[in-house]
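Reproduced below: protein.csv, with CSV, C-alpha atoms and all ligand atoms.
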chain,number,residue,atom,x,y,z
A,1371,MET,CA,20.0,2.4,-14.3
A,1372,ARG,CA,16.5,1.5,-15.3
A,1373,ASN,CA,17.7,-1.4,-17.4
A,1374,ASP,CA,19.0,-2.9,-14.1
A,1375,VAL,CA,15.5,-3.4,-12.7
A,1376,HIS,CA,15.1,-7.1,-12.0
A,1377,HIS,CA,11.7,-8.5,-12.1
A,1378,CYS,CA,12.1,-12.0,-10.8
A,1379,GLY,CA,12.1,-13.9,-14.0
A,1380,THR,CA,9.7,-11.7,-15.9
A,1381,ASP,CA,10.2,-9.2,-18.8
A,1382,GLY,CA,10.5,-6.4,-16.3
A,1383,ALA,CA,9.4,-2.8,-16.5
A,1384,GLY,CA,10.9,-2.1,-19.9
A,1385,ALA,CA,14.1,-0.5,-21.0
A,1386,ALA,CA,14.9,3.2,-20.6
A,1387,ASP,CA,13.2,5.1,-23.3
A,1388,ALA,CA,13.3,8.8,-24.0
A,1389,ALA,CA,9.5,8.7,-24.6
A,1390,GLU,CA,8.9,7.2,-21.2
A,1391,SER,CA,6.6,9.3,-19.0
A,1392,ALA,CA,3.9,9.0,-16.4
A,1393,TRP,CA,1.5,8.2,-19.3
A,1394,THR,CA,3.4,5.3,-20.8
A,1395,PRO,CA,2.7,1.6,-19.8
A,1396,LEU,CA,4.6,-0.2,-17.2
A,1397,ARG,CA,4.9,-4.0,-17.3
A,1398,LEU,CA,5.3,-6.0,-14.1
A,1399,ARG,CA,5.3,-9.8,-14.5
A,1400,ASP,CA,2.3,-10.5,-16.8
A,1401,VAL,CA,0.4,-7.4,-15.9
A,1402,THR,CA,0.7,-4.2,-18.0
A,1403,LEU,CA,-0.3,-1.1,-16.2
A,1404,PRO,CA,-1.6,1.3,-19.0
A,1405,ASN,CA,0.0,4.3,-17.3
A,1406,ARG,CA,2.1,5.1,-14.1
A,1407,VAL,CA,-0.4,7.3,-12.3
A,1408,TRP,CA,-2.1,5.2,-9.7
A,1409,LEU,CA,-4.7,5.7,-6.9
A,1410,SER,CA,-2.9,5.4,-3.5
A,1411,PRO,CA,-4.5,3.1,-1.0
A,1412,MET,CA,-6.8,5.2,1.3
A,1413,CYS,CA,-8.9,3.8,4.1
A,1414,GLN,CA,-12.6,4.7,3.8
A,1415,TYR,CA,-13.6,3.4,7.2
A,1416,SER,CA,-16.9,2.4,5.7
A,1417,ALA,CA,-16.9,-1.4,5.8
A,1418,GLU,CA,-20.0,-3.3,7.0
A,1419,GLY,CA,-20.1,-6.1,9.5
A,1420,ASP,CA,-16.7,-7.5,10.0
A,1421,GLY,CA,-15.0,-5.9,7.0
A,1422,THR,CA,-17.2,-6.4,3.9
A,1423,PRO,CA,-17.1,-3.7,1.1
A,1424,THR,CA,-20.2,-1.6,0.7
A,1425,ASP,CA,-21.9,0.5,-2.0
A,1426,TRP,CA,-19.7,3.4,-0.8
A,1427,HIS,CA,-16.6,1.5,-1.9
A,1428,LEU,CA,-18.2,0.6,-5.2
A,1429,ALA,CA,-19.1,4.3,-5.9
A,1430,HIS,CA,-15.8,5.6,-4.7
A,1431,TYR,CA,-13.5,3.2,-6.5
A,1432,GLY,CA,-15.7,3.1,-9.6
A,1433,ALA,CA,-15.5,6.9,-10.0
A,1434,ARG,CA,-11.7,6.8,-9.7
A,1435,ALA,CA,-11.4,3.9,-12.1
A,1436,ALA,CA,-13.2,6.1,-14.7
A,1437,GLY,CA,-10.7,8.8,-14.1
A,1438,GLY,CA,-7.9,7.6,-16.4
A,1439,LEU,CA,-5.7,6.0,-13.7
A,1440,GLY,CA,-3.4,3.1,-14.6
A,1441,MET,CA,-4.2,1.3,-11.4
A,1442,VAL,CA,-6.7,1.7,-8.6
A,1443,THR,CA,-5.5,0.4,-5.3
A,1444,VAL,CA,-8.2,-0.6,-2.9
A,1445,GLU,CA,-7.5,0.6,0.7
A,1446,CYS,CA,-5.7,-1.2,3.4
A,1447,THR,CA,-7.6,-4.5,3.9
A,1448,ALA,CA,-6.9,-6.6,7.0
A,1449,VAL,CA,-5.8,-10.2,6.7
A,1450,ALA,CA,-7.5,-11.1,10.0
A,1451,PRO,CA,-10.0,-9.4,12.4
A,1452,GLY,CA,-7.3,-8.6,15.0
A,1453,MET,CA,-5.1,-6.9,12.4
A,1454,ARG,CA,-7.6,-4.1,11.5
A,1455,THR,CA,-6.9,-0.5,12.5
A,1456,THR,CA,-10.6,0.1,13.2
A,1457,ALA,CA,-13.8,-1.9,13.2
A,1458,ARG,CA,-14.8,-0.2,9.9
A,1459,ASP,CA,-11.7,-1.5,8.0
A,1460,LEU,CA,-12.1,-3.8,5.0
A,1461,GLY,CA,-11.0,-7.5,5.5
A,1462,LEU,CA,-10.2,-10.5,3.3
A,1463,TRP,CA,-10.7,-13.6,5.4
A,1464,ASN,CA,-14.2,-14.9,4.6
A,1465,GLU,CA,-16.3,-15.7,1.5
A,1466,GLN,CA,-18.7,-12.7,2.0
A,1467,GLN,CA,-15.7,-10.3,1.9
A,1468,ILE,CA,-14.3,-12.0,-1.2
A,1469,ALA,CA,-17.7,-11.6,-2.9
A,1470,GLY,CA,-17.7,-7.9,-2.0
A,1471,HIS,CA,-14.1,-7.4,-3.2
A,1472,ARG,CA,-15.0,-9.2,-6.5
A,1473,ARG,CA,-17.6,-6.5,-7.2
A,1474,LEU,CA,-14.9,-3.8,-6.6
A,1475,ALA,CA,-12.3,-5.6,-8.8
A,1476,GLU,CA,-14.8,-6.1,-11.5
A,1477,VAL,CA,-16.0,-2.5,-11.6
A,1478,ILE,CA,-12.5,-1.1,-11.5
A,1479,ALA,CA,-11.5,-3.4,-14.5
A,1480,THR,CA,-14.7,-2.8,-16.4
A,1481,VAL,CA,-14.5,0.9,-16.1
A,1482,GLY,CA,-10.8,0.9,-17.3
A,1483,SER,CA,-8.1,0.4,-14.7
A,1484,VAL,CA,-6.0,-2.4,-13.2
A,1485,PRO,CA,-7.5,-3.5,-9.9
A,1486,ALA,CA,-5.1,-3.8,-7.0
A,1487,VAL,CA,-5.5,-4.2,-3.2
A,1488,GLN,CA,-3.4,-3.4,-0.3
A,1489,LEU,CA,-3.2,-6.0,2.5
A,1490,GLY,CA,-2.7,-4.7,6.0
A,1491,VAL,CA,-1.4,-6.0,9.4
A,1492,ALA,CA,-1.8,-3.0,11.7
A,1493,GLY,CA,0.3,-4.2,14.7
A,1494,ARG,CA,0.3,-1.8,17.5
A,1495,LYS,CA,-1.7,0.7,15.5
A,1496,SER,CA,-4.7,-1.6,15.8
A,1497,SER,CA,-8.0,-1.1,17.5
A,1498,HIS,CA,-8.5,2.7,17.4
A,1499,GLY,CA,-11.4,4.9,16.4
A,1500,VAL,CA,-12.4,6.2,12.9
A,1501,PRO,CA,-11.2,9.7,12.1
A,1502,TRP,CA,-14.6,11.4,12.3
A,1503,ASP,CA,-15.5,9.9,15.7
A,1504,ASN,CA,-14.7,11.6,19.0
A,1505,ALA,CA,-12.1,9.0,19.9
A,1506,GLY,CA,-10.3,9.5,16.6
A,1507,THR,CA,-7.3,7.6,15.4
A,1508,ARG,CA,-5.1,8.4,18.4
A,1509,SER,CA,-7.4,6.8,21.0
A,1510,ALA,CA,-7.7,3.1,21.7
A,1511,VAL,CA,-11.0,1.3,21.5
A,1512,PRO,CA,-10.8,-1.3,24.3
A,1513,PRO,CA,-12.2,-4.9,23.9
A,1514,ASP,CA,-15.3,-4.1,26.0
A,1515,GLU,CA,-16.2,-1.3,23.5
A,1516,GLY,CA,-15.9,-3.5,20.4
A,1517,GLY,CA,-12.1,-3.3,20.1
A,1518,TRP,CA,-9.4,-6.0,20.6
A,1519,GLN,CA,-6.0,-6.6,22.0
A,1520,PRO,CA,-3.3,-5.4,19.5
A,1521,LEU,CA,-0.2,-7.6,18.8
A,1522,ALA,CA,3.2,-6.1,18.0
A,1523,PRO,CA,6.9,-7.1,18.1
A,1524,SER,CA,7.3,-5.5,21.5
A,1525,PRO,CA,4.9,-4.3,24.2
A,1526,VAL,CA,5.5,-0.6,23.4
A,1527,PRO,CA,2.4,1.5,22.6
A,1528,PHE,CA,2.0,4.1,19.9
A,1529,ALA,CA,0.9,7.4,21.4
A,1530,GLY,CA,-2.5,7.0,23.1
A,1531,LEU,CA,-3.2,3.5,21.8
A,1532,ALA,CA,-3.2,0.3,23.8
A,1533,VAL,CA,-0.1,-1.4,25.0
A,1534,PRO,CA,0.2,-4.3,22.5
A,1535,ALA,CA,0.9,-7.9,23.5
A,1536,GLU,CA,4.3,-9.2,22.3
A,1537,MET,CA,3.9,-11.5,19.4
A,1538,SER,CA,4.7,-15.1,20.2
A,1539,PRO,CA,6.1,-17.7,17.7
A,1540,ALA,CA,2.6,-19.2,17.6
A,1541,ASP,CA,1.1,-15.8,16.8
A,1542,GLY,CA,3.7,-15.4,14.0
A,1543,THR,CA,2.8,-18.8,12.5
A,1544,ARG,CA,-0.9,-17.9,12.5
A,1545,LEU,CA,-0.2,-14.5,10.9
A,1546,LEU,CA,1.8,-16.2,8.1
A,1547,GLU,CA,-1.1,-18.5,7.4
A,1548,ASP,CA,-3.5,-15.5,7.4
A,1549,LEU,CA,-1.3,-13.7,4.9
A,1550,GLU,CA,-1.1,-16.6,2.5
A,1551,ARG,CA,-4.9,-17.2,2.8
A,1552,ALA,CA,-5.5,-13.5,2.2
A,1553,ALA,CA,-3.3,-13.5,-0.9
A,1554,ARG,CA,-5.3,-16.4,-2.3
A,1555,ALA,CA,-8.5,-14.6,-1.5
A,1556,ALA,CA,-7.2,-11.5,-3.3
A,1557,HIS,CA,-6.5,-13.5,-6.4
A,1558,ARG,CA,-9.9,-15.2,-6.3
A,1559,ALA,CA,-11.5,-11.7,-6.0
A,1560,GLY,CA,-9.9,-10.7,-9.3
A,1561,TYR,CA,-7.2,-8.3,-8.1
A,1562,ARG,CA,-4.1,-8.2,-10.4
A,1563,LEU,CA,-1.6,-6.5,-8.2
A,1564,LEU,CA,-1.2,-7.1,-4.4
A,1565,GLU,CA,0.5,-4.7,-2.1
A,1566,LEU,CA,1.5,-5.3,1.5
A,1567,HIS,CA,1.3,-2.3,3.8
A,1568,GLY,CA,4.8,-2.3,5.3
A,1569,ALA,CA,5.0,1.4,6.2
A,1570,ASN,CA,3.4,4.1,8.4
A,1571,GLY,CA,4.2,2.1,11.6
A,1572,TYR,CA,2.3,-1.0,10.8
A,1573,LEU,CA,3.5,-4.4,12.0
A,1574,PHE,CA,6.0,-5.0,9.1
A,1575,HIS,CA,7.5,-1.6,9.8
A,1576,GLU,CA,7.5,-2.2,13.6
A,1577,PHE,CA,9.6,-5.3,13.1
A,1578,LEU,CA,12.1,-3.5,11.0
A,1579,SER,CA,12.6,-0.5,13.2
A,1580,PRO,CA,14.8,-0.5,16.3
A,1581,LEU,CA,12.4,2.2,17.6
A,1582,ALA,CA,9.6,-0.4,17.9
A,1583,ASN,CA,11.4,-3.8,17.9
A,1584,HIS,CA,13.1,-4.5,21.2
A,1585,ARG,CA,13.0,-8.3,20.9
A,1586,ALA,CA,15.8,-10.5,22.3
A,1587,ASP,CA,14.9,-13.6,20.1
A,1588,GLU,CA,15.8,-14.3,16.5
A,1589,TRP,CA,13.3,-11.6,15.3
A,1590,GLY,CA,15.1,-8.8,17.0
A,1591,GLY,CA,18.7,-7.4,17.1
A,1592,ASP,CA,20.6,-6.2,14.1
A,1593,LEU,CA,18.9,-5.2,10.8
A,1594,ARG,CA,19.2,-8.7,9.4
A,1595,ALA,CA,17.4,-10.2,12.4
A,1596,ARG,CA,14.8,-7.5,12.4
A,1597,MET,CA,14.2,-8.1,8.7
A,1598,SER,CA,13.7,-11.9,9.2
A,1599,PHE,CA,10.0,-11.9,10.1
A,1600,PRO,CA,9.0,-9.2,7.5
A,1601,LEU,CA,10.7,-11.3,4.8
A,1602,GLU,CA,8.7,-14.3,6.1
A,1603,MET,CA,5.5,-12.2,5.7
A,1604,VAL,CA,6.5,-11.6,2.0
A,1605,ARG,CA,7.3,-15.2,1.4
A,1606,ALA,CA,3.8,-16.2,2.8
A,1607,LEU,CA,2.2,-13.7,0.4
A,1608,ARG,CA,4.2,-14.9,-2.6
A,1609,ALA,CA,3.2,-18.5,-1.7
A,1610,GLY,CA,-0.5,-17.6,-2.0
A,1611,TRP,CA,-0.2,-15.1,-4.9
A,1612,PRO,CA,0.2,-16.4,-8.5
A,1613,GLU,CA,3.6,-16.3,-10.1
A,1614,ASP,CA,2.4,-14.2,-13.1
A,1615,LYS,CA,1.0,-11.4,-10.9
A,1616,PRO,CA,3.1,-8.7,-9.4
A,1617,LEU,CA,3.6,-8.2,-5.7
A,1618,ALA,CA,4.4,-4.7,-4.1
A,1619,VAL,CA,5.4,-3.7,-0.6
A,1620,ARG,CA,4.9,-0.1,0.7
A,1621,ILE,CA,7.9,0.7,2.8
A,1622,PRO,CA,9.3,3.8,4.5
A,1623,ALA,CA,12.3,5.3,2.9
A,1624,GLU,CA,13.5,6.2,6.4
A,1625,ASP,CA,12.1,6.7,10.0
A,1626,LEU,CA,12.8,10.4,10.0
A,1627,LEU,CA,13.9,10.3,13.6
A,1628,ASP,CA,17.4,9.7,15.2
A,1629,GLY,CA,17.9,6.1,16.1
A,1630,GLY,CA,15.4,4.9,13.6
A,1631,LEU,CA,15.7,3.2,10.2
A,1632,THR,CA,18.0,5.1,7.8
A,1633,VAL,CA,17.8,5.2,4.0
A,1634,GLU,CA,20.9,2.9,3.9
A,1635,ASP,CA,19.0,0.4,6.1
A,1636,MET,CA,15.9,0.6,3.8
A,1637,THR,CA,17.9,0.0,0.6
A,1638,VAL,CA,19.1,-3.2,2.2
A,1639,VAL,CA,15.5,-4.1,3.0
A,1640,ALA,CA,14.4,-3.3,-0.5
A,1641,ALA,CA,17.0,-5.6,-2.0
A,1642,GLY,CA,15.9,-8.4,0.4
A,1643,LEU,CA,12.3,-7.9,-0.7
A,1644,ALA,CA,13.2,-8.1,-4.4
A,1645,ALA,CA,15.1,-11.3,-3.7
A,1646,CYS,CA,11.9,-12.7,-2.2
A,1647,GLY,CA,9.8,-12.0,-5.3
A,1648,VAL,CA,8.7,-8.4,-4.7
A,1649,ASP,CA,8.4,-6.5,-8.0
A,1650,LEU,CA,7.7,-3.0,-6.8
A,1651,VAL,CA,8.6,-1.0,-3.7
A,1652,ASP,CA,6.3,1.9,-2.9
A,1653,LEU,CA,7.9,4.6,-0.7
A,1654,SER,CA,6.0,6.2,2.1
A,1655,SER,CA,8.1,7.5,5.0
A,1656,GLY,CA,7.5,8.3,8.7
A,1657,ALA,CA,4.6,7.8,11.0
A,1658,LEU,CA,6.2,5.0,13.1
A,1659,VAL,CA,6.2,7.2,16.2
A,1660,PRO,CA,4.5,10.6,16.8
A,1661,GLU,CA,7.8,12.4,17.1
A,1662,ALA,CA,9.0,11.4,13.6
A,1663,ARG,CA,9.5,14.4,11.3
A,1664,ARG,CA,6.6,15.0,8.8
A,1665,LEU,CA,7.5,15.6,5.2
A,1666,SER,CA,5.1,17.9,3.2
A,1667,GLU,CA,7.0,19.3,0.3
A,1668,PRO,CA,5.9,18.2,-3.2
A,1669,LEU,CA,7.3,14.8,-4.3
A,1670,HIS,CA,8.9,14.2,-0.9
A,1671,ASN,CA,9.0,10.4,-1.0
A,1672,ALA,CA,9.7,10.3,-4.8
A,1673,ARG,CA,12.9,12.2,-4.2
A,1674,TYR,CA,14.3,9.1,-2.4
A,1675,GLY,CA,13.5,7.0,-5.5
A,1676,PRO,CA,16.9,7.1,-7.2
A,1677,LEU,CA,18.5,5.6,-4.0
A,1678,PHE,CA,16.3,2.6,-4.4
A,1679,ARG,CA,16.8,2.0,-8.1
A,1680,ASP,CA,19.5,-0.7,-7.6
A,1681,ALA,CA,17.4,-2.8,-5.2
A,1682,GLY,CA,16.1,-5.0,-8.0
A,1683,ALA,CA,12.5,-3.9,-8.0
A,1684,ALA,CA,10.6,-1.1,-9.7
A,1685,VAL,CA,10.1,1.9,-7.5
A,1686,ALA,CA,7.0,4.0,-6.9
A,1687,ALA,CA,6.2,6.7,-4.3
A,1688,SER,CA,3.3,8.7,-2.9
A,1689,GLY,CA,3.4,12.1,-1.1
A,1690,ALA,CA,2.2,15.5,-2.1
A,1691,ILE,CA,1.8,14.9,-5.8
A,1692,SER,CA,-0.9,17.4,-6.8
A,1693,GLU,CA,0.1,19.1,-10.0
A,1694,ALA,CA,0.7,18.0,-13.6
A,1695,ALA,CA,4.3,19.3,-13.4
A,1696,HIS,CA,5.0,16.9,-10.4
A,1697,LEU,CA,4.3,13.9,-12.7
A,1698,ASP,CA,6.8,15.2,-15.3
A,1699,GLU,CA,9.3,15.7,-12.6
A,1700,ALA,CA,8.8,12.3,-11.0
A,1701,VAL,CA,8.6,9.9,-13.9
A,1702,PRO,CA,11.0,8.5,-15.1
A,1703,GLU,CA,13.8,10.5,-13.4
A,1704,LEU,CA,12.9,9.8,-9.8
A,1705,VAL,CA,10.5,6.8,-9.8
A,1706,ASP,CA,8.9,4.3,-12.2
A,1707,ALA,CA,5.3,5.3,-11.1
A,1708,VAL,CA,3.5,7.5,-8.6
A,1709,PHE,CA,0.6,6.9,-6.2
A,1710,VAL,CA,-1.6,9.9,-5.8
A,1711,GLY,CA,-3.8,10.2,-2.7
A,1712,ARG,CA,-5.5,13.3,-1.5
A,1713,ALA,CA,-5.7,15.0,-4.9
A,1714,LEU,CA,-7.8,12.1,-6.1
A,1715,LEU,CA,-10.1,12.3,-3.0
A,1716,ARG,CA,-10.8,15.9,-4.0
A,1717,ASP,CA,-11.3,15.1,-7.7
A,1718,PRO,CA,-11.6,11.6,-9.2
A,1719,TYR,CA,-10.8,13.1,-12.6
A,1720,TRP,CA,-7.5,14.8,-11.4
A,1721,ALA,CA,-5.4,12.5,-13.6
A,1722,LEU,CA,-7.4,13.3,-16.8
A,1723,ARG,CA,-7.0,17.0,-16.1
A,1724,ALA,CA,-3.3,16.6,-15.4
A,1725,LYS,CA,-2.8,14.7,-18.6
A,1726,GLY,CA,-4.3,17.6,-20.4
A,1727,SER,CA,-4.8,15.8,-23.7
A,1728,ALA,CA,-7.8,16.4,-26.0
A,1729,PRO,CA,-10.9,15.1,-24.3
A,1730,ALA,CA,-11.7,12.6,-27.0
A,1731,GLU,CA,-8.3,10.9,-26.4
A,1732,SER,CA,-8.7,10.2,-22.7
A,1733,TRP,CA,-12.1,11.1,-21.1
A,1734,PRO,CA,-14.9,8.5,-21.0
A,1735,ARG,CA,-16.9,8.9,-24.2
A,1736,GLN,CA,-20.1,9.2,-22.1
A,1737,TYR,CA,-18.7,12.6,-20.9
A,1738,LEU,CA,-17.5,14.0,-24.2
A,1739,ARG,CA,-20.5,16.3,-24.6
A,1740,ALA,CA,-19.3,18.2,-21.5
A,1741,PHE,CA,-16.4,19.7,-23.6
A,1801,LIG,C1,-8.0,9.4,4.1
A,1801,LIG,C2,-6.7,8.7,3.9
A,1801,LIG,C3,-6.6,7.3,4.1
A,1801,LIG,C4,-5.3,6.7,4.0
A,1801,LIG,N1,-5.3,5.3,4.1
A,1801,LIG,C5,-4.1,4.7,3.7
A,1801,LIG,C6,-4.1,3.2,3.6
A,1801,LIG,O1,-5.1,2.6,3.7
A,1801,LIG,N2,-2.9,2.7,3.3
A,1801,LIG,C7,-1.8,3.4,3.0
A,1801,LIG,O2,-0.7,2.8,2.8
A,1801,LIG,N3,-1.8,4.8,3.1
A,1801,LIG,C8,-3.0,5.4,3.4
A,1801,LIG,N4,-3.0,6.8,3.4
A,1801,LIG,C9,-1.8,7.5,2.8
A,1801,LIG,C10,-2.0,7.7,1.3
A,1801,LIG,O3,-2.0,6.5,0.6
A,1801,LIG,C11,-0.8,8.6,0.8
A,1801,LIG,O4,0.4,7.8,0.8
A,1801,LIG,C12,-0.6,9.9,1.5
A,1801,LIG,O5,-1.9,10.5,1.7
A,1801,LIG,C13,0.4,10.8,0.8
A,1801,LIG,O6,0.0,11.0,-0.6
A,1801,LIG,P1,-0.8,12.3,-1.0
A,1801,LIG,O7,0.0,13.5,-0.6
A,1801,LIG,O8,-0.9,12.2,-2.5
A,1801,LIG,O9,-2.2,12.3,-0.3
A,1801,LIG,C14,-4.2,7.4,3.6
A,1801,LIG,C15,-4.3,8.8,3.4
A,1801,LIG,C16,-5.5,9.4,3.6
A,1801,LIG,C17,-5.6,10.9,3.3
Now, as a test, write the supplied structure out as C-alpha cells.
Amino acid sequence: MRNDVHHCGTDGAGAADAAESAWTPLRLRDVTLPNRVWLSPMCQYSAEGDGTPTDWHLAHYGARAAGGLGMVTVECTAVAPGMRTTARDLGLWNEQQIAGHRRLAEVIATVGSVPAVQLGVAGRKSSHGVPWDNAGTRSAVPPDEGGWQPLAPSPVPFAGLAVPAEMSPADGTRLLEDLERAARAAHRAGYRLLELHGANGYLFHEFLSPLANHRADEWGGDLRARMSFPLEMVRALRAGWPEDKPLAVRIPAEDLLDGGLTVEDMTVVAAGLAACGVDLVDLSSGALVPEARRLSEPLHNARYGPLFRDAGAAVAASGAISEAAHLDEAVPELVDAVFVGRALLRDPYWALRAKGSAPAESWPRQYLRAF
C-alpha cells in the first residue's frame, strides 16, 4: 500500500521497508524529515501586537527543536486579522510578523529540526477569549472589546460564540489572496513545510460539513459542491508555496456526529486534496460542534490512517500519543508519521526518552554530562 503513495511529481515518501519506523526519515518533495515524530501545532496565545512572535515562542519552539523531533510545527497562524481565533494568535500578513517567524524558523533549524508552520482561517470559531481568561474559548469577544465579526459559510454560531456573517463571493476572493500571500510569507520566513488547519471546526472544515454549510450557491449542497471552496483554498496556498516544498492539510477523519462528515466523505476529500498538490493529510477529528463525540483512547486518529492510504498523499495523525509503544504501533502500520501534542508540552524531551537510545546517539552533546 505504501508504494502507492503519490507525491505530486516527487520521489515520494519512500518504498515499504521492513526497517521503517517512527525513527526513519520521510521524504516529501525536496524535504527530508529526519524522523516521523513531530510537534503538533499548539496555540500559545502569546503573540504581541497584532500577531507577532515573542520571546516566549522562541524559548518554547527552541526547547522542542532540541528534543529530537523530525519536525517542529509552529502553532496555528492566521492569514489575516479577522481570521484569528483570539487577539493573541500569531499572524503572517506583515513584515514585522515575517521577521519574527524568521527567528523561529532559524532557531528550529539551527537546533536540529525541520521548521513548519500551520496556517489558520478560524471561520465561526473566531474572536473568542484565551483559555486562561474569564471569557475562555467558548465566549465571544465582541468588536467593542477588541474582537471582530467572524465570517463563515453560513450564519450558524458555534456554542456561545458570535453569529458569523455569511461569506460573500468578494470575501472568498479576498481570503484566497490572503492565503496565497501568507504562503509566500511562510516561505520567506524560512519554513520548509506548510500546513493548512482544515480540521477542528475551522473555516475549511465548516465548508465541508453539512452541519455547518447550509449554502444554496455553488459552495453548498452535495459533497462535491461543499469541497469546492476548500479546494480553492489549497490551490491558493500551492500558488504561493514553492513546488519543491511539501504542503499538508489537517483534516477531520469524520465529524463524530450523525448527519456530519463520514470517513467515506473524508477519503474523497483527501483524494481531492492530493490531486491539488497536497503531500500529507494530517488527521484530527471532531470539534466542529460541541455535541460531537470526543475521542480519547490512545492513537484514536491514527487508527483511521489505513483508510486514507489510497488517497494519494502521505498520512499522519495526532491524538493521545504519549508512550513509546504508541509510536511502534502507529508507524508504519497505521500512518507515515505522528504529531505529538500534550506529551511535548509536559516534556520537550519526550521524544528522546521515547526513542530510548544511548544518550550519545541522540541527546544534544551539551547535555551528555547529565547521563
Ligand atoms: C494548548 C493546545 C493548543 C492547540 N492548538 C492547536 C493549533 O494551533 N492547531 C491545531 O491544529 N491543533 C491544536 N491543538 C490540538 C493538538 O495539535 C493535537 O492535535 C491534540 O492536542 C491531540 O494530540 P495530543 O493528544 O498528542 O495532545 C492544540 C492542543 C492544545 C493542547
Q: Name the residues, by chain letter and number, that sit within 9 Å of ligand LIG 1801 (chain A) using all atoms listed in the file, and give them as a PyMOL selection string.
A: chain A and resi 1409-1415+1444-1447+1459+1488-1490+1501+1566-1570+1620-1621+1653-1655+1666+1668-1671+1687-1692+1708-1715
Q: Fewer than 4 positions away in the same chain doesn't count, so skip those; otherwise give me all residues within 8 Å of Asn1405 (chain A), counting all atoms listed in the file, as a VMD selection string.
A: chain A and resid 1392 to 1396 1439 to 1441
Q: Record the distance separating CA of Gly1571 (chain A) and CA of Thr1424 (chain A), expressed in Å with one decimal.
A: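 Answer for the CA of Gly1571 (chain A) to CA of Thr1424 (chain A) separation: 27.0 Å.
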Q.
I want to know what sits within 9 Å of region 1505-1521 of chain A, based on all atoms listed in the file, with residues of the same chain fewer than 2 positions away left out; could you give that as number ranges by chain?
A. A: 1451-1453, 1455-1457, 1492-1503, 1523-1525, 1528-1537, 1541, 1573
Output the selection as a PDB file, in the frame of the given file - C-alpha atoms for each residue.
ATOM      1  CA  PRO A1451     -10.000  -9.400  12.400  1.00  0.00           C
ATOM      2  CA  GLY A1452      -7.300  -8.600  15.000  1.00  0.00           C
ATOM      3  CA  MET A1453      -5.100  -6.900  12.400  1.00  0.00           C
ATOM      4  CA  THR A1455      -6.900  -0.500  12.500  1.00  0.00           C
ATOM      5  CA  THR A1456     -10.600   0.100  13.200  1.00  0.00           C
ATOM      6  CA  ALA A1457     -13.800  -1.900  13.200  1.00  0.00           C
ATOM      7  CA  ALA A1492      -1.800  -3.000  11.700  1.00  0.00           C
ATOM      8  CA  GLY A1493       0.300  -4.200  14.700  1.00  0.00           C
ATOM      9  CA  ARG A1494       0.300  -1.800  17.500  1.00  0.00           C
ATOM     10  CA  LYS A1495      -1.700   0.700  15.500  1.00  0.00           C
ATOM     11  CA  SER A1496      -4.700  -1.600  15.800  1.00  0.00           C
ATOM     12  CA  SER A1497      -8.000  -1.100  17.500  1.00  0.00           C
ATOM     13  CA  HIS A1498      -8.500   2.700  17.400  1.00  0.00           C
ATOM     14  CA  GLY A1499     -11.400   4.900  16.400  1.00  0.00           C
ATOM     15  CA  VAL A1500     -12.400   6.200  12.900  1.00  0.00           C
ATOM     16  CA  PRO A1501     -11.200   9.700  12.100  1.00  0.00           C
ATOM     17  CA  TRP A1502     -14.600  11.400  12.300  1.00  0.00           C
ATOM     18  CA  ASP A1503     -15.500   9.900  15.700  1.00  0.00           C
ATOM     19  CA  PRO A1523       6.900  -7.100  18.100  1.00  0.00           C
ATOM     20  CA  SER A1524       7.300  -5.500  21.500  1.00  0.00           C
ATOM     21  CA  PRO A1525       4.900  -4.300  24.200  1.00  0.00           C
ATOM     22  CA  PHE A1528       2.000   4.100  19.900  1.00  0.00           C
ATOM     23  CA  ALA A1529       0.900   7.400  21.400  1.00  0.00           C
ATOM     24  CA  GLY A1530      -2.500   7.000  23.100  1.00  0.00           C
ATOM     25  CA  LEU A1531      -3.200   3.500  21.800  1.00  0.00           C
ATOM     26  CA  ALA A1532      -3.200   0.300  23.800  1.00  0.00           C
ATOM     27  CA  VAL A1533      -0.100  -1.400  25.000  1.00  0.00           C
ATOM     28  CA  PRO A1534       0.200  -4.300  22.500  1.00  0.00           C
ATOM     29  CA  ALA A1535       0.900  -7.900  23.500  1.00  0.00           C
ATOM     30  CA  GLU A1536       4.300  -9.200  22.300  1.00  0.00           C
ATOM     31  CA  MET A1537       3.900 -11.500  19.400  1.00  0.00           C
ATOM     32  CA  ASP A1541       1.100 -15.800  16.800  1.00  0.00           C
ATOM     33  CA  LEU A1573       3.500  -4.400  12.000  1.00  0.00           C
TER      34      LEU A1573
END
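Among A:Ile1468, A:Leu1627, A:Val1648, A:Ala1556, the residue with the shortest atom-to-atom distance to Arg1664 (chain A), counting all atoms listed in the file, is A:Leu1627.
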Q: Go ahead and compute the interatomic distance for CA of Ala1686 (chain A) and CA of Val1442 (chain A), in Å to one decimal.
A: 14.0 Å
Q: Would you mind telling me which residue in A:His1696, A:Arg1596, A:Arg1562, A:Lys1725 lies nearest to Arg1399 (chain A) when using only C-alpha atoms?
A: A:Arg1562
Q. Which of these residues is nearest to Asp1420 (chain A), using all atoms listed in the file: A:Leu1607, A:Ala1700, A:Val1449, A:Val1638?
A.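 Ranked by minimum distance to Asp1420 (chain A), first place goes to A:Val1449.
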Can you spit out region 1573-1577 of chain A with N, CA and C atoms, as a PDB file, in the first residue's frame, from the structure just given?
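Ended up saving to decode_19.pdb:
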ATOM      1  N   LEU A1573     -12.698  27.218   9.286  1.00  0.00           N
ATOM      2  CA  LEU A1573     -13.477  27.533   8.087  1.00  0.00           C
ATOM      3  C   LEU A1573     -13.459  26.440   7.014  1.00  0.00           C
ATOM      4  N   PHE A1574     -12.288  25.857   6.756  1.00  0.00           N
ATOM      5  CA  PHE A1574     -12.181  24.797   5.749  1.00  0.00           C
ATOM      6  C   PHE A1574     -13.126  23.644   6.101  1.00  0.00           C
ATOM      7  N   HIS A1575     -13.114  23.244   7.361  1.00  0.00           N
ATOM      8  CA  HIS A1575     -13.965  22.165   7.866  1.00  0.00           C
ATOM      9  C   HIS A1575     -15.442  22.586   7.806  1.00  0.00           C
ATOM     10  N   GLU A1576     -15.719  23.848   8.140  1.00  0.00           N
ATOM     11  CA  GLU A1576     -17.106  24.335   8.116  1.00  0.00           C
ATOM     12  C   GLU A1576     -17.689  24.248   6.711  1.00  0.00           C
ATOM     13  N   PHE A1577     -16.870  24.590   5.696  1.00  0.00           N
ATOM     14  CA  PHE A1577     -17.368  24.479   4.320  1.00  0.00           C
ATOM     15  C   PHE A1577     -17.667  23.028   3.971  1.00  0.00           C
TER      16      PHE A1577
END
